[in-house]
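Asks: Quick one, query.tsv (TSV, C-alpha atoms):
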chain	number	residue	atom	x	y	z
N	1	MET	CA	21.48	99.80	175.90
N	2	LYS	CA	22.20	103.52	175.59
N	3	GLN	CA	23.25	103.67	179.22
N	4	ARG	CA	25.87	100.95	178.68
N	5	GLY	CA	27.24	102.81	175.68
N	6	TRP	CA	27.56	106.06	177.62
N	7	PHE	CA	29.06	104.22	180.55
N	8	SER	CA	31.72	102.60	178.28
N	9	VAL	CA	32.56	105.96	176.69
N	10	ALA	CA	32.86	107.61	180.11
N	11	LEU	CA	35.08	104.77	181.40
N	12	ILE	CA	37.41	105.05	178.40
N	13	ALA	CA	37.59	108.85	178.79
N	14	ILE	CA	38.47	108.56	182.48
N	15	THR	CA	41.16	105.94	181.70
N	16	ILE	CA	42.71	108.21	179.05
N	17	LEU	CA	42.63	111.17	181.43
N	18	ILE	CA	44.38	109.19	184.20
N	19	ALA	CA	47.03	107.94	181.75
N	20	MET	CA	47.72	111.51	180.55
N	21	LEU	CA	48.04	112.79	184.12
N	22	ILE	CA	50.53	110.01	184.95
N	23	MET	CA	52.60	110.81	181.85
N	24	ILE	CA	52.62	114.56	182.60
N	25	ASP	CA	53.63	113.88	186.20
N	26	ASN	CA	56.47	111.54	185.08
N	27	GLN	CA	57.78	114.16	182.65
N	28	SER	CA	57.98	116.78	185.37
N	29	VAL	CA	59.76	114.33	187.71
N	30	PHE	CA	62.38	113.40	185.10
N	31	ALA	CA	62.82	117.03	183.95
N	32	ASN	CA	63.81	118.11	187.48
N	33	GLN	CA	66.23	115.25	188.06
N	34	LYS	CA	69.95	115.96	188.04
N	35	PRO	CA	72.17	113.60	186.02
N	36	LEU	CA	74.00	110.97	188.03
N	37	PRO	CA	77.79	111.21	188.25
N	38	PRO	CA	79.66	108.71	186.04
N	39	THR	CA	80.65	105.38	187.55
N	40	ILE	CA	84.27	105.32	188.63
N	41	ALA	CA	86.34	102.77	186.72
N	42	PRO	CA	88.11	100.14	188.83
N	43	THR	CA	91.82	100.58	189.28
N	44	ALA	CA	94.20	98.22	187.52
N	45	THR	CA	95.51	95.28	189.51
N	46	PRO	CA	99.24	95.73	190.07
N	47	GLY	CA	101.40	93.06	188.39
N	48	ASN	CA	100.05	90.20	186.32
N	49	PRO	CA	96.53	89.16	187.20
N	50	LEU	CA	96.10	85.55	188.24
N	51	GLN	CA	95.36	83.42	185.18
N	52	LEU	CA	92.85	80.66	185.81
N	53	PRO	CA	91.97	77.95	183.30
N	54	THR	CA	88.60	78.19	181.58
N	55	SER	CA	88.62	74.74	179.96
N	56	VAL	CA	87.52	71.51	181.61
N	57	PRO	CA	90.44	69.21	182.50
N	58	LEU	CA	90.45	65.47	182.08
N	59	ALA	CA	89.85	63.43	185.22
N	60	GLN	CA	93.37	62.02	184.68
N	61	PRO	CA	95.89	64.07	182.60
N	62	LEU	CA	97.70	62.39	179.70
N	63	THR	CA	101.07	62.00	181.43
N	64	THR	CA	102.39	58.82	179.76
N	65	LYS	CA	103.44	58.32	176.15
N	66	GLU	CA	100.85	55.58	175.79
N	67	GLN	CA	98.04	57.91	176.88
N	68	GLY	CA	99.26	60.66	174.55
N	69	LEU	CA	99.55	58.25	171.63
N	70	GLU	CA	96.02	56.89	172.23
N	71	GLN	CA	94.65	60.43	172.12
N	72	VAL	CA	96.53	61.18	168.88
N	73	LEU	CA	95.24	57.94	167.36
N	74	TYR	CA	91.69	59.09	168.20
N	75	TYR	CA	92.17	62.43	166.35
N	76	ASP	CA	94.24	60.94	163.53
N	77	ALA	CA	91.48	58.45	162.66
N	78	SER	CA	89.17	61.31	161.63
N	79	ILE	CA	91.77	63.54	159.94
N	80	ALA	CA	94.40	61.42	158.19
N	81	VAL	CA	94.41	58.81	155.44
N	82	TRP	CA	97.78	57.02	155.47
N	83	SER	CA	99.43	55.09	152.63
N	84	ARG	CA	100.88	52.89	155.43
N	85	PRO	CA	98.48	52.97	158.40
N	86	TRP	CA	99.91	53.07	161.91
N	87	SER	CA	98.79	51.86	165.33
N	88	LYS	CA	99.97	51.98	168.95
N	89	GLU	CA	102.39	49.14	168.18
N	90	THR	CA	104.14	51.23	165.48
N	91	MET	CA	106.33	52.90	168.13
N	92	THR	CA	107.78	49.48	168.95
N	93	LEU	CA	107.81	48.03	165.41
N	94	GLU	CA	109.10	51.19	163.65
N	95	PRO	CA	110.75	53.36	166.33
N	96	ASP	CA	111.89	56.04	163.81
N	97	ARG	CA	108.40	56.61	162.41
N	98	ILE	CA	106.76	58.20	165.48
N	99	THR	CA	108.46	60.72	167.76
N	100	MET	CA	106.96	62.12	170.94
N	101	GLU	CA	108.09	65.11	172.97
N	102	THR	CA	106.55	66.88	175.93
N	103	TYR	CA	106.78	70.57	176.83
N	104	PRO	CA	105.64	72.41	179.97
N	105	SER	CA	103.40	74.72	177.89
N	106	LEU	CA	102.27	75.53	174.37
N	107	SER	CA	104.45	78.66	174.43
N	108	ALA	CA	107.54	76.65	175.35
N	109	GLU	CA	106.84	74.26	172.45
N	110	SER	CA	106.16	77.12	170.02
N	111	VAL	CA	109.36	78.98	170.92
N	112	ALA	CA	111.43	75.76	170.74
N	113	HIS	CA	110.19	75.21	167.18
N	114	GLY	CA	110.78	78.80	166.02
N	115	PHE	CA	107.23	80.11	166.41
N	116	LYS	CA	105.92	83.02	168.44
N	117	GLY	CA	104.84	82.09	171.98
N	118	GLU	CA	101.21	81.96	173.08
N	119	SER	CA	99.27	84.21	175.43
N	120	PRO	CA	99.16	83.38	179.16
N	121	GLU	CA	95.45	82.48	178.81
N	122	VAL	CA	96.24	79.84	176.17
N	123	ASP	CA	99.12	78.43	178.21
N	124	VAL	CA	97.09	78.09	181.40
N	125	ASN	CA	94.29	76.32	179.49
N	126	SER	CA	96.53	73.89	177.62
N	127	GLY	CA	98.97	73.12	180.41
N	128	PRO	CA	101.78	70.73	179.41
N	129	VAL	CA	101.57	69.48	175.81
N	130	TRP	CA	102.48	66.38	173.80
N	131	ILE	CA	104.07	66.88	170.38
N	132	VAL	CA	103.58	63.75	168.28
N	133	THR	CA	105.14	63.57	164.81
N	134	ILE	CA	104.27	60.68	162.52
N	135	LYS	CA	106.28	60.13	159.34
N	136	GLY	CA	104.89	58.74	156.11
N	137	ASP	CA	102.72	59.67	153.15
N	138	VAL	CA	99.42	61.06	154.40
N	139	HIS	CA	96.38	62.87	153.03
N	140	LEU	CA	94.82	65.25	155.58
N	141	ALA	CA	91.08	65.78	155.37
N	142	MET	CA	90.89	69.27	156.86
N	143	ILE	CA	89.38	72.60	155.85
N	144	THR	CA	92.08	74.76	154.25
N	145	PRO	CA	92.05	78.02	152.28
N	146	TYR	CA	93.14	76.12	149.15
N	147	ASP	CA	92.13	72.88	147.44
N	148	SER	CA	94.01	70.13	149.25
N	149	SER	CA	91.83	67.26	148.09
N	150	ASN	CA	94.69	65.53	146.21
N	151	VAL	CA	97.67	66.68	148.28
N	152	ILE	CA	99.86	64.04	149.93
N	153	TYR	CA	102.06	65.29	152.76
N	154	ASP	CA	105.27	63.94	154.18
N	155	GLY	CA	103.97	63.25	157.68
N	156	VAL	CA	102.01	65.22	160.22
N	157	THR	CA	102.58	66.69	163.70
N	158	TYR	CA	99.87	66.84	166.36
N	159	VAL	CA	99.97	69.07	169.44
N	160	ILE	CA	97.78	67.69	172.26
N	161	SER	CA	97.05	69.21	175.68
N	162	GLN	CA	98.00	66.84	178.49
N	163	ARG	CA	95.58	68.67	180.79
N	164	THR	CA	92.43	68.53	178.59
N	165	GLY	CA	93.26	66.03	175.84
N	166	ASN	CA	92.27	68.66	173.27
N	167	LEU	CA	93.89	68.82	169.85
N	168	LEU	CA	95.59	72.23	169.82
N	169	GLU	CA	97.42	72.18	166.47
N	170	VAL	CA	97.92	70.05	163.38
N	171	ARG	CA	101.00	70.71	161.26
N	172	SER	CA	101.44	68.94	157.98
N	173	GLY	CA	104.78	67.94	156.57
N	174	VAL	CA	105.98	69.17	153.18
N	175	PRO	CA	103.50	68.54	150.32
N	176	LYS	CA	104.69	65.81	147.94
N	177	GLN	CA	102.44	66.79	145.01
Just dump the structure as structure tokens.
Replies:
Amino acid sequence: MKQRGWFSVALIAITILIAMLIMIDNQSVFANQKPLPPTIAPTATPGNPLQLPTSVPLAQPLTTKEQGLEQVLYYDASIAVWSRPWSKETMTLEPDRITMETYPSLSAESVAHGFKGESPEVDVNSGPVWIVTIKGDVHLAMITPYDSSNVIYDGVTYVISQRTGNLLEVRSGVPKQ
């Protein structure tokens, strides 16, 4: 039994000695090493770099008014509560209630409506956009910085990407209350 004890102690001592020798050797290696020169930064690409979309496009873009209106109806169903509900047939039955415009980009739409344009990255991701304005008394169930639980607005405008179908902006009309 005593022999096993001494053997275990000797084995542990040898292991510690080897570990210390490795650490001392590593310190001397790193102490003698010269610092590496800094990595050279890449040069800027002349002109505007090519902007590529990062969002996934629809298999078929929303190029017709019917397609755009269907997409707006999808979003509107989860956001808006109308005093007079609307449907796809509303464009035919009440032609003045829903207006639709298309723009080649979100920046073009923003500038046309008096807003600042968007960055090239946003434009390349959105592609052409549908602007759909629906008139009427509406309550919008959205997160806002103020309590809008009882606010009724005079209509709403949706901005939808034709390329992705994504809802890019929601603009309420003037509050009535």
Asks: So that I can check the surroundings of Glu169 in chain N, please list as a PDB file with C-alpha atoms, keeping the file's coordinate frame every protein, DNA and RNA residue that reaches within 8 Å of it, counting only C-alpha atoms and ignoring chain neighbours fewer than 5 positions away.
Replies:
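Output saved as around13.pdb:
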ATOM      1  CA  TYR N 158      99.870  66.840 166.360  1.00  0.00           C
ATOM      2  CA  VAL N 159      99.970  69.070 169.440  1.00  0.00           C
ATOM      3  CA  ILE N 160      97.780  67.690 172.260  1.00  0.00           C
TER       4      ILE N 160
END
Asks: Nearest to Leu168 in chain N: which of N:Tyr75, N:Trp86, N:Phe115, N:Tyr153 is it, counting all atoms listed in the file?
Replies: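 Of all the options, N:Tyr75 lies closest to Leu168 in chain N.
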Asks: When distances are computed from all atoms listed in the file, which of N:Gly173, N:Pro104, N:Gly117, N:Gly155 shows the smallest separation from Asp137 in chain N?
Replies: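 Checking each of N:Gly173, N:Pro104, N:Gly117, N:Gly155 against Asp137 in chain N, counting all atoms listed in the file, the winner is N:Gly155.
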Asks: Which residue gives the smallest distance to Tyr103 in chain N among N:Pro85, N:Thr144, N:Ser161, N:Ser78, with only C-alpha atoms counted?
Replies: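 Residue with the minimum atom-to-atom distance to Tyr103 in chain N: N:Ser161.
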Asks: Give the answer as one residue: which of N:Ala112, N:Ser149, N:Glu101, N:Glu118 has the shortest atom-to-atom distance to Val132 in chain N, using all atoms listed in the file?
Replies: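 Using all atoms listed in the file, Val132 in chain N sits closest to N:Glu101.
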Asks: Rounded to one decimal, what separation in Å do you get between CA of Thr54 in chain N and CA of Leu69 in chain N?
Replies: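 Rounded to one decimal, the two atoms are 24.8 Å apart.
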Asks: Give the answer as one residue: which of N:Pro61, N:Pro145, N:Gly5, N:Pro53 has the shortest atom-to-atom distance to Thr164 in chain N, using all atoms listed in the file?
Replies: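 Between N:Pro61, N:Pro145, N:Gly5, N:Pro53, the residue approaching Thr164 in chain N most closely is N:Pro61.
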Asks: Interatomic distance between CA of Arg84 in chain N and CA of Thr133 in chain N?
Replies: 14.8 Å
Asks: CA of Ser119 in chain N and CA of Thr43 in chain N are how many Å apart?
Replies: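 Those two atoms sit 22.7 Å apart.
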Asks: Excluding Pro95 in chain N and residues on its chain fewer than 5 positions from it, collect all residues at most 12 Å away from it, counting only C-alpha atoms, and give them as an MDAnalysis selection string.
Replies: chainID N and resid 86 88:90 100 133:135
Asks: Choose the residue, out of N:Gln67, N:Ser105, N:Ser148, N:Ser87, that has the smallest atom-to-atom separation from Gly165 in chain N; count only C-alpha atoms.
Replies: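 Under the stated criterion, the closest residue is N:Gln67.
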